[in-house]
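File shown: entry-v5.cif (mmCIF, C-alpha atoms).
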data_start
#
loop_
_atom_site.label_atom_id
_atom_site.label_comp_id
_atom_site.auth_asym_id
_atom_site.auth_seq_id
_atom_site.Cartn_x
_atom_site.Cartn_y
_atom_site.Cartn_z
CA VAL L 1 -113.56 -140.33 -119.00
CA VAL L 2 -117.06 -138.95 -119.40
CA ARG L 3 -117.42 -135.17 -119.25
CA CYS L 4 -120.76 -133.85 -118.09
CA VAL L 5 -122.28 -130.40 -118.06
CA PRO L 6 -124.36 -130.16 -114.88
CA CYS L 7 -127.85 -128.82 -115.53
CA ALA L 8 -128.33 -126.84 -112.32
CA VAL L 9 -131.28 -124.56 -112.92
CA SER L 10 -133.95 -122.95 -110.78
CA PRO L 11 -137.64 -123.86 -111.12
CA GLU L 12 -138.16 -120.49 -112.83
CA GLU L 13 -135.44 -121.22 -115.39
CA ALA L 14 -136.84 -124.71 -115.91
CA THR L 15 -140.25 -123.21 -116.66
CA LEU L 16 -138.65 -121.10 -119.40
CA ILE L 17 -136.91 -124.16 -120.83
CA GLY L 18 -140.24 -125.93 -121.03
CA PRO L 19 -141.34 -129.58 -121.21
CA GLN L 20 -138.83 -132.22 -122.33
CA ASP L 21 -139.24 -135.69 -123.80
CA TYR L 22 -137.09 -137.24 -121.08
CA VAL L 23 -135.79 -135.84 -117.80
CA LEU L 24 -132.93 -137.82 -116.28
CA VAL L 25 -132.51 -137.12 -112.58
CA ALA L 26 -128.92 -137.98 -111.64
CA THR L 27 -128.70 -136.98 -107.99
CA LYS L 28 -127.82 -138.76 -104.80
CA ALA L 29 -130.88 -140.43 -103.26
CA HIS L 30 -131.08 -137.93 -100.40
CA GLN L 31 -130.90 -135.01 -102.87
CA LEU L 32 -133.91 -136.08 -104.93
CA SER L 33 -136.47 -134.11 -102.93
CA GLN L 34 -134.50 -130.91 -103.57
CA ALA L 35 -134.58 -131.56 -107.33
CA VAL L 36 -138.35 -132.15 -107.47
CA PRO L 37 -139.41 -128.53 -108.24
CA VAL L 38 -137.02 -128.32 -111.19
CA VAL L 39 -137.99 -131.75 -112.54
CA ALA L 40 -141.70 -130.95 -112.25
CA ALA L 41 -141.20 -127.72 -114.21
CA LEU L 42 -139.56 -129.66 -117.05
CA CYS L 43 -142.49 -132.07 -117.37
CA GLY L 44 -145.33 -131.90 -119.85
CA PRO L 45 -148.15 -134.40 -120.46
CA GLU L 46 -145.88 -136.84 -122.36
CA THR L 47 -142.62 -136.35 -120.45
CA ARG L 48 -140.94 -139.47 -119.06
CA VAL L 49 -138.89 -139.09 -115.89
CA VAL L 50 -135.87 -141.34 -115.36
CA PRO L 51 -134.61 -141.34 -111.75
CA LEU L 52 -131.01 -142.57 -111.49
CA GLN L 53 -130.60 -143.00 -107.74
CA ASN L 54 -129.18 -145.81 -105.64
CA GLY L 55 -131.43 -147.60 -103.20
CA LEU L 56 -135.14 -148.37 -103.21
CA PRO L 57 -136.94 -145.99 -105.62
CA PHE L 58 -140.02 -144.02 -104.60
CA TRP L 59 -142.02 -145.69 -107.39
CA PHE L 60 -141.34 -149.29 -106.31
CA PHE L 61 -144.89 -150.15 -105.17
CA HIS L 62 -146.72 -148.31 -107.96
CA ASN L 63 -149.06 -150.87 -109.60
CA PHE L 64 -147.10 -153.54 -107.75
CA GLY L 65 -149.91 -155.75 -106.46
CA GLY L 66 -149.80 -157.89 -103.34
CA GLN L 67 -149.98 -156.90 -99.70
CA LEU L 68 -147.78 -153.81 -100.08
CA ALA L 69 -149.48 -152.43 -103.19
CA GLY L 70 -149.41 -148.64 -103.18
CA SER L 71 -147.20 -148.45 -100.09
CA THR L 72 -144.87 -145.53 -99.51
CA VAL L 73 -141.48 -146.29 -97.98
CA ARG L 74 -140.86 -143.45 -95.54
CA ALA L 75 -137.09 -143.88 -95.60
CA VAL L 76 -137.22 -142.89 -99.29
CA ASP L 77 -140.19 -140.51 -99.49
CA PRO L 78 -141.04 -139.44 -95.92
CA ASP L 79 -144.13 -137.39 -96.67
CA GLY L 80 -145.02 -138.79 -100.09
CA MET L 81 -144.04 -135.51 -101.76
CA ILE L 82 -141.65 -137.06 -104.29
CA GLY L 83 -144.18 -139.56 -105.59
CA GLN L 84 -146.95 -136.99 -105.70
CA ALA L 85 -144.83 -134.48 -107.63
CA LEU L 86 -143.02 -136.79 -110.04
CA GLN L 87 -145.99 -139.12 -110.66
CA PRO L 88 -144.88 -142.79 -110.88
CA GLU L 89 -147.01 -143.35 -113.98
CA ARG L 90 -144.60 -141.18 -115.99
CA VAL L 91 -141.47 -142.87 -114.62
CA VAL L 92 -139.11 -145.13 -116.55
CA GLY L 93 -137.37 -147.43 -114.10
CA CYS L 94 -133.59 -147.44 -114.23
CA THR L 95 -130.69 -148.97 -112.40
CA SER L 96 -126.99 -148.74 -113.11
CA PHE L 97 -123.61 -150.36 -112.58
CA VAL L 98 -121.06 -147.62 -113.18
CA ALA L 99 -117.89 -147.78 -111.09
CA GLY L 100 -115.46 -144.90 -110.77
CA ALA L 101 -114.96 -141.60 -109.02
CA VAL L 102 -116.22 -138.04 -109.20
CA GLU L 103 -113.68 -135.27 -109.68
CA GLY L 104 -114.28 -131.59 -109.04
CA ASP L 105 -117.79 -130.21 -108.74
CA TYR L 106 -119.55 -133.24 -110.25
CA ASN L 107 -118.33 -132.28 -113.73
CA ARG L 108 -115.87 -135.09 -114.39
CA TRP L 109 -116.25 -138.82 -113.94
CA LEU L 110 -113.27 -141.17 -114.00
CA SER L 111 -114.28 -144.78 -114.63
CA LYS L 112 -112.08 -147.46 -113.10
CA TRP L 113 -113.81 -150.23 -115.02
CA PRO L 114 -113.80 -151.17 -118.71
CA ALA L 115 -116.88 -149.98 -120.56
CA SER L 116 -118.09 -153.59 -120.82
CA LYS L 117 -118.72 -153.61 -117.05
CA SER L 118 -120.59 -150.30 -116.89
CA THR L 119 -124.30 -150.55 -117.67
CA LEU L 120 -127.63 -148.73 -117.52
CA THR L 121 -130.77 -150.86 -117.39
CA PHE L 122 -134.17 -149.39 -118.26
CA GLY L 123 -137.65 -150.85 -117.88
CA GLU L 124 -141.33 -149.98 -117.53
CA ILE L 125 -142.47 -150.22 -113.91
CA SER L 126 -145.99 -151.40 -114.71
CA LYS L 127 -147.61 -153.73 -117.23
CA ALA L 128 -150.22 -151.02 -117.62
CA ASP L 129 -147.45 -148.95 -119.21
CA ALA L 130 -146.88 -151.52 -121.96
CA PRO L 131 -148.39 -149.26 -124.66
CA ARG L 132 -145.52 -146.86 -123.93
CA ARG L 133 -142.90 -149.58 -124.31
CA ASN L 134 -141.52 -147.90 -127.43
CA THR L 135 -140.47 -144.92 -125.31
CA VAL L 136 -138.19 -147.18 -123.28
CA HIS L 137 -136.62 -148.50 -126.47
CA GLY L 138 -136.29 -144.92 -127.67
CA LEU L 139 -134.51 -143.99 -124.46
CA ALA L 140 -132.16 -146.95 -124.80
CA LYS L 141 -131.44 -145.94 -128.39
CA LEU L 142 -130.75 -142.39 -127.24
CA PHE L 143 -128.01 -143.64 -124.93
CA GLY L 144 -126.69 -146.10 -127.48
CA GLY L 145 -126.42 -145.20 -131.12
CA ASP L 146 -123.66 -142.72 -131.92
CA THR L 147 -123.22 -141.24 -128.44
CA GLN L 148 -119.98 -143.22 -127.85
CA LEU L 149 -120.72 -143.31 -124.13
CA PRO L 150 -118.68 -146.05 -122.42
CA LEU L 151 -121.86 -147.78 -121.18
CA GLY L 152 -123.77 -150.90 -122.03
CA ILE L 153 -127.52 -150.31 -122.37
CA ASN L 154 -130.02 -152.99 -121.32
CA ILE L 155 -133.81 -153.25 -121.24
CA SER L 156 -135.34 -155.30 -118.41
CA GLU L 157 -138.71 -157.01 -118.45
CA ASP L 158 -138.65 -156.91 -114.63
CA ILE L 159 -137.07 -153.65 -113.55
CA ARG L 160 -137.91 -154.23 -109.87
CA CYS L 161 -135.80 -157.37 -109.91
CA ALA L 162 -132.93 -155.40 -111.48
CA VAL L 163 -133.34 -152.70 -108.81
CA LEU L 164 -133.28 -155.19 -105.92
CA GLU L 165 -130.23 -156.92 -107.38
CA LYS L 166 -128.41 -153.59 -107.42
CA ILE L 167 -129.61 -152.85 -103.87
CA MET L 168 -128.06 -156.13 -102.75
CA VAL L 169 -124.71 -154.79 -103.98
CA ASN L 170 -125.26 -151.34 -102.45
CA ALA L 171 -126.39 -152.73 -99.08
CA SER L 172 -123.43 -155.08 -98.77
CA VAL L 173 -120.39 -153.54 -100.45
CA ASN L 174 -121.05 -149.88 -99.63
CA PRO L 175 -121.56 -150.03 -95.83
CA LEU L 176 -118.90 -152.66 -95.18
CA ALA L 177 -116.27 -150.93 -97.31
CA THR L 178 -117.11 -147.59 -95.69
CA LEU L 179 -116.95 -148.85 -92.12
CA ALA L 180 -113.70 -150.72 -92.80
CA ARG L 181 -112.22 -147.94 -94.99
CA ALA L 182 -111.41 -150.69 -97.47
CA ASP L 183 -111.30 -150.77 -101.25
CA CYS L 184 -113.18 -153.53 -103.06
CA ALA L 185 -110.19 -155.87 -103.28
CA GLN L 186 -109.52 -155.55 -99.54
CA LEU L 187 -113.18 -156.12 -98.73
CA CYS L 188 -113.37 -159.29 -100.81
CA SER L 189 -110.15 -160.71 -99.32
CA SER L 190 -111.19 -160.29 -95.67
CA PRO L 191 -112.85 -163.45 -94.27
CA GLY L 192 -114.74 -161.47 -91.63
CA LEU L 193 -116.07 -158.90 -94.08
CA VAL L 194 -117.02 -161.65 -96.54
CA ARG L 195 -119.08 -163.34 -93.82
CA ALA L 196 -120.83 -160.04 -93.13
CA LEU L 197 -121.43 -159.52 -96.86
CA ARG L 198 -123.03 -162.95 -97.12
CA ALA L 199 -125.28 -162.18 -94.14
CA VAL L 200 -126.48 -158.95 -95.79
CA CYS L 201 -127.15 -160.72 -99.08
CA ALA L 202 -129.17 -163.41 -97.32
CA GLU L 203 -131.38 -160.77 -95.66
CA VAL L 204 -131.94 -158.92 -98.95
CA GLU L 205 -132.80 -162.19 -100.66
CA THR L 206 -135.35 -162.97 -97.94
CA VAL L 207 -137.00 -159.56 -98.33
CA ALA L 208 -137.09 -159.99 -102.12
CA SER L 209 -138.62 -163.48 -101.87
CA LEU L 210 -141.40 -162.17 -99.64
CA LEU L 211 -142.12 -159.61 -102.36
CA ASP L 212 -142.27 -162.49 -104.88
CA VAL L 213 -139.16 -161.20 -106.64
CA LYS L 214 -136.64 -163.91 -107.50
CA LEU L 215 -133.11 -162.59 -107.66
CA SER L 216 -130.29 -163.96 -109.76
CA GLN L 217 -127.81 -161.77 -107.87
CA SER L 218 -125.88 -163.50 -105.09
CA ALA L 219 -123.03 -163.01 -102.64
CA ASP L 220 -120.80 -165.20 -104.82
CA ALA L 221 -121.55 -163.08 -107.88
CA ILE L 222 -120.77 -159.88 -105.97
CA LEU L 223 -117.47 -161.28 -104.67
CA LYS L 224 -116.52 -162.40 -108.17
CA ARG L 225 -117.37 -158.97 -109.57
CA TYR L 226 -115.27 -157.00 -107.08
CA SER L 227 -112.41 -159.36 -106.15
CA GLY L 228 -109.04 -158.05 -107.19
CA GLN L 229 -110.34 -154.52 -107.85
CA GLN L 230 -107.51 -152.70 -106.07
CA GLY L 231 -108.14 -149.00 -105.65
CA LEU L 232 -111.84 -149.24 -106.53
CA LYS L 233 -113.72 -147.50 -103.74
CA ALA L 234 -117.43 -147.79 -103.01
CA SER L 235 -119.34 -144.58 -103.63
CA MET L 236 -120.36 -144.38 -99.98
CA LEU L 237 -116.71 -144.49 -98.90
CA GLN L 238 -115.90 -141.76 -101.42
CA ASP L 239 -118.69 -139.63 -99.96
CA LEU L 240 -117.41 -140.14 -96.42
CA GLU L 241 -113.87 -139.18 -97.41
CA ALA L 242 -115.21 -136.06 -99.17
CA GLY L 243 -117.32 -135.06 -96.15
CA ARG L 244 -120.61 -135.62 -97.99
CA PRO L 245 -123.79 -137.19 -96.53
CA LEU L 246 -124.14 -140.94 -97.00
CA GLU L 247 -126.90 -142.70 -98.95
CA ARG L 248 -127.91 -144.66 -95.87
CA ALA L 249 -131.67 -144.07 -95.83
CA ALA L 250 -132.55 -145.19 -99.36
CA ILE L 251 -130.32 -148.26 -99.18
CA LEU L 252 -130.23 -149.64 -95.64
CA ASP L 253 -133.12 -147.94 -93.85
CA ALA L 254 -135.47 -148.70 -96.74
CA LEU L 255 -134.63 -152.42 -96.53
CA VAL L 256 -135.08 -152.38 -92.76
CA GLU L 257 -138.46 -150.69 -93.23
CA LEU L 258 -139.45 -153.33 -95.77
CA GLY L 259 -138.48 -155.98 -93.24
CA VAL L 260 -140.82 -154.43 -90.68
CA MET L 261 -143.62 -154.21 -93.24
CA LEU L 262 -143.09 -157.86 -94.21
CA ARG L 263 -142.57 -159.01 -90.59
CA VAL L 264 -139.10 -160.42 -91.17
CA GLU L 265 -136.02 -159.60 -89.09
CA THR L 266 -133.02 -157.93 -90.73
CA PRO L 267 -130.44 -157.80 -87.91
CA THR L 268 -127.35 -157.28 -90.06
CA LEU L 269 -128.96 -154.45 -92.01
CA ASP L 270 -130.17 -152.91 -88.73
CA MET L 271 -126.65 -153.03 -87.30
CA LEU L 272 -124.98 -151.55 -90.37
CA SER L 273 -127.49 -148.70 -90.48
CA ALA L 274 -126.90 -147.90 -86.81
CA LEU L 275 -123.12 -147.96 -87.27
CA LEU L 276 -123.29 -145.67 -90.29
CA GLU L 277 -125.64 -143.29 -88.50
CA MET L 278 -123.12 -142.94 -85.67
CA LEU L 279 -120.25 -142.63 -88.15
CA GLU L 280 -122.04 -139.75 -89.88
CA ALA L 281 -122.74 -138.09 -86.54
CA THR L 282 -119.14 -138.29 -85.36
CA GLN L 283 -117.25 -137.86 -88.65
CA LEU L 284 -119.46 -135.54 -90.69
CA ASN L 285 -121.13 -133.63 -87.84
CA PRO L 286 -118.61 -133.83 -84.98
CA SER L 287 -120.25 -130.94 -83.08
CA HIS L 288 -123.31 -133.17 -82.61
#
Would you encode the structure as structure tokens?
Amino acid sequence: VVRCVPCAVSPEEATLIGPQDYVLVATKAHQLSQAVPVVAALCGPETRVVPLQNGLPFWFFHNFGGQLAGSTVRAVDPDGMIGQALQPERVVGCTSFVAGAVEGDYNRWLSKWPASKSTLTFGEISKADAPRRNTVHGLAKLFGGDTQLPLGINISEDIRCAVLEKIMVNASVNPLATLARADCAQLCSSPGLVRALRAVCAEVETVASLLDVKLSQSADAILKRYSGQQGLKASMLQDLEAGRPLERAAILDALVELGVMLRVETPTLDMLSALLEMLEATQLNPSH
């Protein structure tokens, strides 16, 4: 059990608090834009911002190179406001594997996995940021050391690869489990859902390969990770059951948008996004 004290402050209060060394932004992907004014007020010239959202991050194409260099993914940052305010050059990339459930008003987290399976992975998003590499190691040390948090801490030399490997999990397990109302064990034991999961993973792998990112994640690895995990519910399913908005845009719509940009079809991702959009409309906003 990890107990957290939510830092919910106004931009005015954040200005009084002043600049921080690190600002960790632990919101849902669709809540990030609302947090921007507070995060910006906590930043000074040397502040590093660590976004901890699922899905494709707003900073993904910063100093990326290739045909999509400098692109903004509208599903993640519709008007470019997030990137402009949080400044990708100050970002430390991060992705996580932490399975469990939220209790109460986001102040208690119950992990359903052993600590050895829960990880945070940090990495610089640009080779141009190499001189600041020590700050990433400092951040990793901050989470490790004597904090006794039940998390493994990793540093990645290719944080975009780590992000896309996590997105493969999010884009397959989350939508399918949510649409089927299934826990992870049920999902992995259903032949039909396993076929759908493999189709999603193949589309994500194709998108990644066109971005010259070689993934080590695979459908087999995902099935091995989640098979037999009775009672473990995907975060998207938990959100649906709690009546909260789903992280559809940053996970599915962002991949679909990348497919359009790269001129590759993503029919399974398209279908899952459409089904979830209708599910949200009928279950979370029945009047519409």
With the file shown as input, list the residues that the PyMOL selection byres ((chain L and resi 64-71) around 12) selects, as a PDB file with C-alpha atoms, keeping the file's coordinate frame.
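part-v3.pdb was written with the following content:
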ATOM      1  CA  PRO L  57    -136.940-145.990-105.620  1.00  0.00           C
ATOM      2  CA  PHE L  58    -140.020-144.020-104.600  1.00  0.00           C
ATOM      3  CA  TRP L  59    -142.020-145.690-107.390  1.00  0.00           C
ATOM      4  CA  PHE L  60    -141.340-149.290-106.310  1.00  0.00           C
ATOM      5  CA  PHE L  61    -144.890-150.150-105.170  1.00  0.00           C
ATOM      6  CA  HIS L  62    -146.720-148.310-107.960  1.00  0.00           C
ATOM      7  CA  ASN L  63    -149.060-150.870-109.600  1.00  0.00           C
ATOM      8  CA  THR L  72    -144.870-145.530 -99.510  1.00  0.00           C
ATOM      9  CA  VAL L  73    -141.480-146.290 -97.980  1.00  0.00           C
ATOM     10  CA  ARG L  74    -140.860-143.450 -95.540  1.00  0.00           C
ATOM     11  CA  ALA L  75    -137.090-143.880 -95.600  1.00  0.00           C
ATOM     12  CA  VAL L  76    -137.220-142.890 -99.290  1.00  0.00           C
ATOM     13  CA  ASP L  77    -140.190-140.510 -99.490  1.00  0.00           C
ATOM     14  CA  PRO L  78    -141.040-139.440 -95.920  1.00  0.00           C
ATOM     15  CA  ASP L  79    -144.130-137.390 -96.670  1.00  0.00           C
ATOM     16  CA  GLY L  80    -145.020-138.790-100.090  1.00  0.00           C
ATOM     17  CA  GLY L  83    -144.180-139.560-105.590  1.00  0.00           C
ATOM     18  CA  PRO L  88    -144.880-142.790-110.880  1.00  0.00           C
ATOM     19  CA  GLU L  89    -147.010-143.350-113.980  1.00  0.00           C
ATOM     20  CA  GLU L 124    -141.330-149.980-117.530  1.00  0.00           C
ATOM     21  CA  ILE L 125    -142.470-150.220-113.910  1.00  0.00           C
ATOM     22  CA  SER L 126    -145.990-151.400-114.710  1.00  0.00           C
ATOM     23  CA  LYS L 127    -147.610-153.730-117.230  1.00  0.00           C
ATOM     24  CA  ALA L 128    -150.220-151.020-117.620  1.00  0.00           C
ATOM     25  CA  ASP L 158    -138.650-156.910-114.630  1.00  0.00           C
ATOM     26  CA  ILE L 159    -137.070-153.650-113.550  1.00  0.00           C
ATOM     27  CA  ARG L 160    -137.910-154.230-109.870  1.00  0.00           C
ATOM     28  CA  LEU L 210    -141.400-162.170 -99.640  1.00  0.00           C
ATOM     29  CA  LEU L 211    -142.120-159.610-102.360  1.00  0.00           C
ATOM     30  CA  ASP L 212    -142.270-162.490-104.880  1.00  0.00           C
ATOM     31  CA  VAL L 213    -139.160-161.200-106.640  1.00  0.00           C
ATOM     32  CA  GLU L 257    -138.460-150.690 -93.230  1.00  0.00           C
ATOM     33  CA  LEU L 258    -139.450-153.330 -95.770  1.00  0.00           C
ATOM     34  CA  GLY L 259    -138.480-155.980 -93.240  1.00  0.00           C
ATOM     35  CA  VAL L 260    -140.820-154.430 -90.680  1.00  0.00           C
ATOM     36  CA  MET L 261    -143.620-154.210 -93.240  1.00  0.00           C
ATOM     37  CA  LEU L 262    -143.090-157.860 -94.210  1.00  0.00           C
ATOM     38  CA  ARG L 263    -142.570-159.010 -90.590  1.00  0.00           C
TER      39      ARG L 263
END
Would you kindly translate the PyMOL selection byres ((chain L and resi 54) around 12) into the concrete residues it picks from this file, as JSON, numbers by chain?
-> {"L": [25, 26, 27, 28, 29, 30, 31, 32, 51, 52, 53, 55, 56, 57, 58, 76, 93, 94, 95, 96, 97, 98, 162, 163, 164, 165, 166, 167, 168, 169, 170, 171, 174, 235, 236, 246, 247, 248, 249, 250, 251, 252, 254]}
Those same residues - C-alpha atoms - I'd like them written as a short mmCIF file (atom, residue, chain, number, x, y, z; two decimals), keeping the file's coordinate frame.
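out.cif, freshly written:
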data_model
loop_
_atom_site.label_atom_id
_atom_site.label_comp_id
_atom_site.auth_asym_id
_atom_site.auth_seq_id
_atom_site.Cartn_x
_atom_site.Cartn_y
_atom_site.Cartn_z
CA VAL L 25 -132.51 -137.12 -112.58
CA ALA L 26 -128.92 -137.98 -111.64
CA THR L 27 -128.70 -136.98 -107.99
CA LYS L 28 -127.82 -138.76 -104.80
CA ALA L 29 -130.88 -140.43 -103.26
CA HIS L 30 -131.08 -137.93 -100.40
CA GLN L 31 -130.90 -135.01 -102.87
CA LEU L 32 -133.91 -136.08 -104.93
CA PRO L 51 -134.61 -141.34 -111.75
CA LEU L 52 -131.01 -142.57 -111.49
CA GLN L 53 -130.60 -143.00 -107.74
CA GLY L 55 -131.43 -147.60 -103.20
CA LEU L 56 -135.14 -148.37 -103.21
CA PRO L 57 -136.94 -145.99 -105.62
CA PHE L 58 -140.02 -144.02 -104.60
CA VAL L 76 -137.22 -142.89 -99.29
CA GLY L 93 -137.37 -147.43 -114.10
CA CYS L 94 -133.59 -147.44 -114.23
CA THR L 95 -130.69 -148.97 -112.40
CA SER L 96 -126.99 -148.74 -113.11
CA PHE L 97 -123.61 -150.36 -112.58
CA VAL L 98 -121.06 -147.62 -113.18
CA ALA L 162 -132.93 -155.40 -111.48
CA VAL L 163 -133.34 -152.70 -108.81
CA LEU L 164 -133.28 -155.19 -105.92
CA GLU L 165 -130.23 -156.92 -107.38
CA LYS L 166 -128.41 -153.59 -107.42
CA ILE L 167 -129.61 -152.85 -103.87
CA MET L 168 -128.06 -156.13 -102.75
CA VAL L 169 -124.71 -154.79 -103.98
CA ASN L 170 -125.26 -151.34 -102.45
CA ALA L 171 -126.39 -152.73 -99.08
CA ASN L 174 -121.05 -149.88 -99.63
CA SER L 235 -119.34 -144.58 -103.63
CA MET L 236 -120.36 -144.38 -99.98
CA LEU L 246 -124.14 -140.94 -97.00
CA GLU L 247 -126.90 -142.70 -98.95
CA ARG L 248 -127.91 -144.66 -95.87
CA ALA L 249 -131.67 -144.07 -95.83
CA ALA L 250 -132.55 -145.19 -99.36
CA ILE L 251 -130.32 -148.26 -99.18
CA LEU L 252 -130.23 -149.64 -95.64
CA ALA L 254 -135.47 -148.70 -96.74
#
Just say which residues the PyMOL selection byres ((chain L and resi 91) around 6) picks in this file, as a VMD selection string.
-> chain L and resid 48 to 50 88 to 90 92
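Remark: for Asp239 of chain L, the closest of the candidate residues L:Cys43, L:Met278, L:Ala14, L:Leu284 is L:Leu284 (distances computed over all atoms listed in the file).
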Around all the atoms of segment 164-178 of chain L listed in the file, draw an axis-aligned box and extend it by 5 Å on each of the six sides; I want its centre and edge lengths in Å to one decimal, as lines of an AutoDock Vina configuration file.
center_x = -124.8
center_y = -152.3
center_z = -101.3
size_x = 27.0
size_y = 19.3
size_z = 22.2
Pick out the closest residue to Gln87 of chain L from this set: L:Thr47, L:Gln283, L:Ser156, L:Ser10. Count all atoms listed in the file.
-> L:Thr47
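Between atom CA of Leu279 of chain L and atom CA of Ser218 of chain L there is a distance of 27.5 Å.
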Please, what distance in Å, to one decimal, runs between atom CA of Val207 of chain L and atom CA of Asp270 of chain L?
->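 Rounded to one decimal, the two atoms are 13.5 Å apart.
Minimum distance to Leu276 of chain L across L:Gln34, L:Gln84, L:Thr178, L:Ser189 (counting only C-alpha atoms) occurs at L:Thr178.
Interatomic distance, atom CA of Glu265 of chain L to atom CA of Cys188 of chain L: 25.5 Å.
Distance annotation: of L:Gly228, L:Ser216, L:Ala41, L:Gly152, the residue with the minimal separation from Ser190 of chain L is L:Gly228; atom set is all atoms listed in the file.
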Rank L:Leu139, L:Ala185, L:Ala40, L:Ala221 by their smallest atom-to-atom distance to Tyr22 of chain L, using only C-alpha atoms, and report the top residue only.
->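 Counting only C-alpha atoms, the residue closest to Tyr22 of chain L is L:Leu139.
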Do a neighbour search on Val194 of chain L at 10 Å with all atoms listed in the file, toss out local chain neighbours closer than 4 positions, and write the hits as an mmCIF file with C-alpha atoms, keeping the file's coordinate frame.
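Generated output (result-v1.cif):
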data_model
loop_
_atom_site.group_PDB
_atom_site.id
_atom_site.type_symbol
_atom_site.label_atom_id
_atom_site.label_comp_id
_atom_site.auth_asym_id
_atom_site.auth_seq_id
_atom_site.Cartn_x
_atom_site.Cartn_y
_atom_site.Cartn_z
ATOM 1 C CA SER L 172 -123.430 -155.080 -98.770
ATOM 2 C CA VAL L 173 -120.390 -153.540 -100.450
ATOM 3 C CA LEU L 176 -118.900 -152.660 -95.180
ATOM 4 C CA LEU L 187 -113.180 -156.120 -98.730
ATOM 5 C CA CYS L 188 -113.370 -159.290 -100.810
ATOM 6 C CA SER L 189 -110.150 -160.710 -99.320
ATOM 7 C CA SER L 190 -111.190 -160.290 -95.670
ATOM 8 C CA ARG L 198 -123.030 -162.950 -97.120
ATOM 9 C CA ALA L 199 -125.280 -162.180 -94.140
ATOM 10 C CA VAL L 200 -126.480 -158.950 -95.790
ATOM 11 C CA ALA L 219 -123.030 -163.010 -102.640
ATOM 12 C CA ASP L 220 -120.800 -165.200 -104.820
ATOM 13 C CA LEU L 223 -117.470 -161.280 -104.670
#
